[in-house]
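Peer 1: Submitted below is the structure of interest, expressed as structure tokens.
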Amino acid sequence: MAQPWPQQTSELRLGVMASGEGSNFEALVAACREGPLRGRVLQLVVNNPGCGAQGRAERLGIPCELVDHRQHCSREQLDGALIEAFAACGVDLVVMAGWMRIVSPRLISAFPSRLINIHPSLLPSFRGLDAVGQALAAGVTLSGCTAHLVNTDLDGGPILAQATVPVLPGDDRNSLAARIHRQEHRLLPLAVALAAARLRDRTAAAADPSPPAGPPSG
Ligand code: GRF
């Protein structure tokens with residue numbers, strides 16, 4: 001991972017969404033507690049009762065709210081409940097750490113340039129479901145993971161950071177996914193810091209009244 005770690009001027013307030021095991025959620029909490037990420041995970045939201053992420057939140061002492069998609073009649077309504085959960089604790093950024101649902105424009109526009117996803121492929125290759133299986137089927141020798149900002153294009157938002165792993169002879173879904181997971185755990189905290197730095201730079205540029213530098217006049 002050649003990407004340098006950006007400078008962090010303040011503690012980030014983070015919300016996390018997870019559907020499954022929650023190993024990325026736990027890696028994010030660890031990066032906040034033990035470094036290098038200056039931040040705090042204030043709220044986890046899960047959509048599957050009893051999922052691994054929920055158990056991890058309990059063990060780690062992170063508030064966890066269940067927003068079950070089966071109790072909501074549309075994506076927009078589900079996303080409305082997510083927005084409420086995160087707005088209640090005033091988060092700066094929301095991280096989809098293995099959120100296995102497509103999100104609606106309602107959630108995306110509630111967190112413009114503040115919604116981050118982690119995907120187990122080198123995007124733009126192998127978007128969507130079973131990215132690891134897709135990579136194996138394609139016979140690639142290099143795979144990895146991508147952290148990106150979320151927009152309405154599925155797995156197509158601006159890339160924040162990527163990490164590569166080799167695909168080894170004899171790899172199956174489990175072995176390759178495990179190798180990718182280890183990189184995700186390092187990449188996701190970095191991507192959060194990079195997203196925060198982008199926001200900071202944009203805000204600073206918008207506040208700067210000086211005209212952009214032109215060519216020398218003499
Ligand atoms: C990760 O591989 C991530 O890329 C994908 O879902 C998986 C979540 O794993 N979106 P975990 O629940 O964080 O262990």
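By convention here, the chains of the structure tokens are called A, B, ... in the order presented, each chain's residues are numbered starting at 1, and ligands are numbered starting at 1 in the order presented.
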Residues within 9 Å of stretch 154-160 of chain A, please, as a ChimeraX atom specification. Count only C-alpha atoms; anything in the same chain fewer than 2 positions from it doesn't count.

Peer 2: /A:102,116-119,123-124,127-128,146-152,162,190-192,194-195

Peer 1: From the DSSP assignment of the backbone, select every residue of stretch 42-178 of chain A that is strand (DSSP E), and format the answer as an MDAnalysis selection string.

Peer 2: chainID A and resid 42:46 64:66 93:96 115:119 142:149 159:166

Peer 1: Just C-alpha atoms for this one: save the residues we selected as a JSON list (two decimals), in the first residue's frame.

Peer 2:
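The result, written out as out.json:
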```json
[["chain", "number", "residue", "atom", "x", "y", "z"],
["A", 42, "LEU", "CA", -20.17, 5.92, 17.59],
["A", 43, "GLN", "CA", -22.78, 3.67, 16.07],
["A", 44, "LEU", "CA", -23.04, 0.36, 14.27],
["A", 45, "VAL", "CA", -26.20, -0.47, 12.34],
["A", 46, "VAL", "CA", -26.85, -4.07, 11.25],
["A", 64, "CYS", "CA", -25.54, -1.33, 17.83],
["A", 65, "GLU", "CA", -28.94, -0.73, 16.29],
["A", 66, "LEU", "CA", -30.84, -3.33, 14.29],
["A", 93, "LEU", "CA", -18.66, 9.72, 7.84],
["A", 94, "VAL", "CA", -20.55, 6.47, 7.34],
["A", 95, "VAL", "CA", -18.70, 3.28, 6.40],
["A", 96, "MET", "CA", -20.39, 0.36, 4.65],
["A", 115, "LEU", "CA", -20.37, 7.36, 2.48],
["A", 116, "ILE", "CA", -17.58, 4.80, 2.02],
["A", 117, "ASN", "CA", -17.74, 1.20, 0.79],
["A", 118, "ILE", "CA", -15.20, -1.61, 0.78],
["A", 119, "HIS", "CA", -15.35, -4.11, -2.08],
["A", 142, "LEU", "CA", -3.83, -10.36, -9.27],
["A", 143, "SER", "CA", -6.79, -9.41, -7.14],
["A", 144, "GLY", "CA", -7.37, -7.20, -4.11],
["A", 145, "CYS", "CA", -9.79, -4.74, -2.59],
["A", 146, "THR", "CA", -11.03, -1.23, -3.20],
["A", 147, "ALA", "CA", -12.37, 1.38, -0.83],
["A", 148, "HIS", "CA", -14.47, 3.98, -2.61],
["A", 149, "LEU", "CA", -17.03, 6.71, -2.11],
["A", 159, "ILE", "CA", -11.83, 5.29, -5.65],
["A", 160, "LEU", "CA", -10.14, 6.26, -2.38],
["A", 161, "ALA", "CA", -7.56, 3.47, -2.05],
["A", 162, "GLN", "CA", -6.75, -0.01, -3.31],
["A", 163, "ALA", "CA", -4.60, -2.92, -2.18],
["A", 164, "THR", "CA", -3.51, -5.89, -4.27],
["A", 165, "VAL", "CA", -3.03, -9.55, -3.42],
["A", 166, "PRO", "CA", -1.76, -12.37, -5.65]]
```

Peer 1: All residues within 10 Å of ligand 1 are required, counting only C-alpha atoms and all ligand atoms; please report them as a ChimeraX atom specification.

Peer 2: /A:17-28,51-53,96-101,117-121,128-132,144-147,155,177-185,188

Peer 1: Please extract the residues of stretch 35-112 of chain A with a backbone DSSP assignment of helix (DSSP H, G or I) and present them as JSON, numbers by chain.

Peer 2: {"A": [52, 53, 54, 55, 56, 57, 58, 59, 60, 69, 70, 71, 75, 76, 77, 78, 79, 80, 81, 82, 83, 84, 85, 86, 87, 88, 89, 105, 106, 107, 108, 109, 110]}

Peer 1: Put those residues in a file: N, CA and C atoms, as a tab-separated table (two decimals), in the first residue's frame.

Peer 2:
```tsv
chain	number	residue	atom	x	y	z
A	52	GLY	N	-22.60	-11.67	12.95
A	52	GLY	CA	-21.32	-11.59	13.66
A	52	GLY	C	-21.00	-10.17	14.11
A	53	ALA	N	-21.33	-9.19	13.27
A	53	ALA	CA	-21.00	-7.81	13.59
A	53	ALA	C	-21.70	-7.37	14.89
A	54	GLN	N	-22.92	-7.85	15.07
A	54	GLN	CA	-23.68	-7.47	16.27
A	54	GLN	C	-22.96	-7.99	17.53
A	55	GLY	N	-22.52	-9.24	17.47
A	55	GLY	CA	-21.80	-9.83	18.60
A	55	GLY	C	-20.50	-9.09	18.87
A	56	ARG	N	-19.81	-8.68	17.81
A	56	ARG	CA	-18.55	-7.96	17.98
A	56	ARG	C	-18.82	-6.61	18.66
A	57	ALA	N	-19.92	-5.93	18.24
A	57	ALA	CA	-20.25	-4.62	18.83
A	57	ALA	C	-20.46	-4.77	20.34
A	58	GLU	N	-21.15	-5.83	20.71
A	58	GLU	CA	-21.41	-6.08	22.13
A	58	GLU	C	-20.08	-6.23	22.89
A	59	ARG	N	-19.22	-7.08	22.33
A	59	ARG	CA	-17.92	-7.32	22.98
A	59	ARG	C	-17.09	-6.05	23.04
A	60	LEU	N	-17.19	-5.20	22.00
A	60	LEU	CA	-16.36	-4.00	21.94
A	60	LEU	C	-16.99	-2.80	22.63
A	69	HIS	N	-34.04	-5.06	7.19
A	69	HIS	CA	-34.67	-4.71	5.90
A	69	HIS	C	-36.01	-5.41	5.72
A	70	ARG	N	-36.19	-6.55	6.44
A	70	ARG	CA	-37.47	-7.28	6.31
A	70	ARG	C	-38.64	-6.52	6.94
A	71	GLN	N	-38.32	-5.53	7.77
A	71	GLN	CA	-39.36	-4.73	8.42
A	71	GLN	C	-39.66	-3.44	7.65
A	75	ARG	N	-36.45	0.31	-0.20
A	75	ARG	CA	-35.07	0.72	0.09
A	75	ARG	C	-35.06	2.11	0.73
A	76	GLU	N	-35.93	3.00	0.21
A	76	GLU	CA	-35.97	4.38	0.70
A	76	GLU	C	-36.35	4.41	2.18
A	77	GLN	N	-37.31	3.55	2.53
A	77	GLN	CA	-37.76	3.53	3.93
A	77	GLN	C	-36.65	2.97	4.83
A	78	LEU	N	-36.00	1.92	4.37
A	78	LEU	CA	-34.88	1.34	5.13
A	78	LEU	C	-33.79	2.39	5.31
A	79	ASP	N	-33.48	3.10	4.23
A	79	ASP	CA	-32.42	4.10	4.30
A	79	ASP	C	-32.82	5.27	5.20
A	80	GLY	N	-34.11	5.57	5.24
A	80	GLY	CA	-34.61	6.61	6.15
A	80	GLY	C	-34.28	6.23	7.60
A	81	ALA	N	-34.45	4.96	7.93
A	81	ALA	CA	-34.16	4.50	9.30
A	81	ALA	C	-32.65	4.57	9.58
A	82	LEU	N	-31.85	4.29	8.55
A	82	LEU	CA	-30.38	4.38	8.73
A	82	LEU	C	-29.97	5.84	8.97
A	83	ILE	N	-30.56	6.73	8.18
A	83	ILE	CA	-30.22	8.16	8.30
A	83	ILE	C	-30.56	8.64	9.71
A	84	GLU	N	-31.71	8.21	10.20
A	84	GLU	CA	-32.13	8.61	11.55
A	84	GLU	C	-31.13	8.11	12.60
A	85	ALA	N	-30.73	6.85	12.45
A	85	ALA	CA	-29.81	6.26	13.44
A	85	ALA	C	-28.48	7.03	13.47
A	86	PHE	N	-27.98	7.42	12.29
A	86	PHE	CA	-26.69	8.09	12.26
A	86	PHE	C	-26.82	9.58	12.61
A	87	ALA	N	-27.94	10.18	12.20
A	87	ALA	CA	-28.13	11.61	12.51
A	87	ALA	C	-28.22	11.79	14.03
A	88	ALA	N	-28.79	10.82	14.71
A	88	ALA	CA	-28.98	10.94	16.16
A	88	ALA	C	-27.65	11.07	16.89
A	89	CYS	N	-26.58	10.50	16.31
A	89	CYS	CA	-25.29	10.63	17.01
A	89	CYS	C	-24.32	11.53	16.26
A	105	PRO	N	-30.70	6.45	-3.42
A	105	PRO	CA	-30.18	7.83	-3.51
A	105	PRO	C	-30.49	8.62	-2.23
A	106	ARG	N	-31.49	8.20	-1.49
A	106	ARG	CA	-31.82	8.93	-0.26
A	106	ARG	C	-30.64	8.89	0.73
A	107	LEU	N	-30.05	7.72	0.91
A	107	LEU	CA	-28.91	7.61	1.83
A	107	LEU	C	-27.68	8.31	1.26
A	108	ILE	N	-27.48	8.14	-0.05
A	108	ILE	CA	-26.30	8.73	-0.69
A	108	ILE	C	-26.35	10.26	-0.58
A	109	SER	N	-27.53	10.83	-0.79
A	109	SER	CA	-27.58	12.30	-0.74
A	109	SER	C	-27.61	12.82	0.70
A	110	ALA	N	-27.91	11.95	1.66
A	110	ALA	CA	-27.83	12.39	3.06
A	110	ALA	C	-26.37	12.50	3.51
```

Peer 1: Leaving out A:Arg198 and any residue of its chain fewer than 4 positions from it, which residues lie within 10 Å of it when counting only C-alpha atoms, given as a PyMOL selection string?

Peer 2: chain A and resi 6+113-114+160+192-194+202-204

Peer 1: For atom CA of A:Asn47 and atom CA of A:Val67, determine how far apart the two atoms are, in Å to one decimal place.

Peer 2: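 So the two atoms, atom CA of A:Asn47 and atom CA of A:Val67, lie 4.9 Å apart.
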
Peer 1: Quick check, in Å to one decimal: how far apart do atom CA of A:Leu12 and atom CA of A:Val91 lie?

Peer 2: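 These atoms are spaced 7.9 Å apart.
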
Peer 1: Rank nothing, just name the residue among A:Ala30, A:Ile62, A:Val16, A:Leu176 nearest to A:Thr141, using only C-alpha atoms.

Peer 2: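 Counting only C-alpha atoms, the residue closest to A:Thr141 is A:Leu176.
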
Peer 1: Which of these, A:Leu136, A:Phe111, A:Ser210, A:Ser10, has the shortest distance to A:Val167 once you count only C-alpha atoms?

Peer 2: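 When distances to A:Val167 are compared using only C-alpha atoms, the smallest one comes from A:Leu136.
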
Peer 1: Tell me which of A:Gly133, A:Thr9, A:Pro63, A:Arg200 sits closest to A:Asn174, counting only C-alpha atoms.

Peer 2: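 Of A:Gly133, A:Thr9, A:Pro63, A:Arg200, the one nearest A:Asn174 is A:Gly133, counting only C-alpha atoms.
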
Peer 1: How many Å lie between atom CA of A:Gln3 and atom CA of A:Arg186, rounded to one decimal?

Peer 2: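 One can read the atom CA of A:Gln3 to atom CA of A:Arg186 distance as 11.7 Å.
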
Peer 1: Tell me, as number ranges by chain, which residues lie within 7 Å of A:Ala31, counting only C-alpha atoms; anything in the same chain fewer than 5 positions away does not count.

Peer 2: A: 36-37, 189
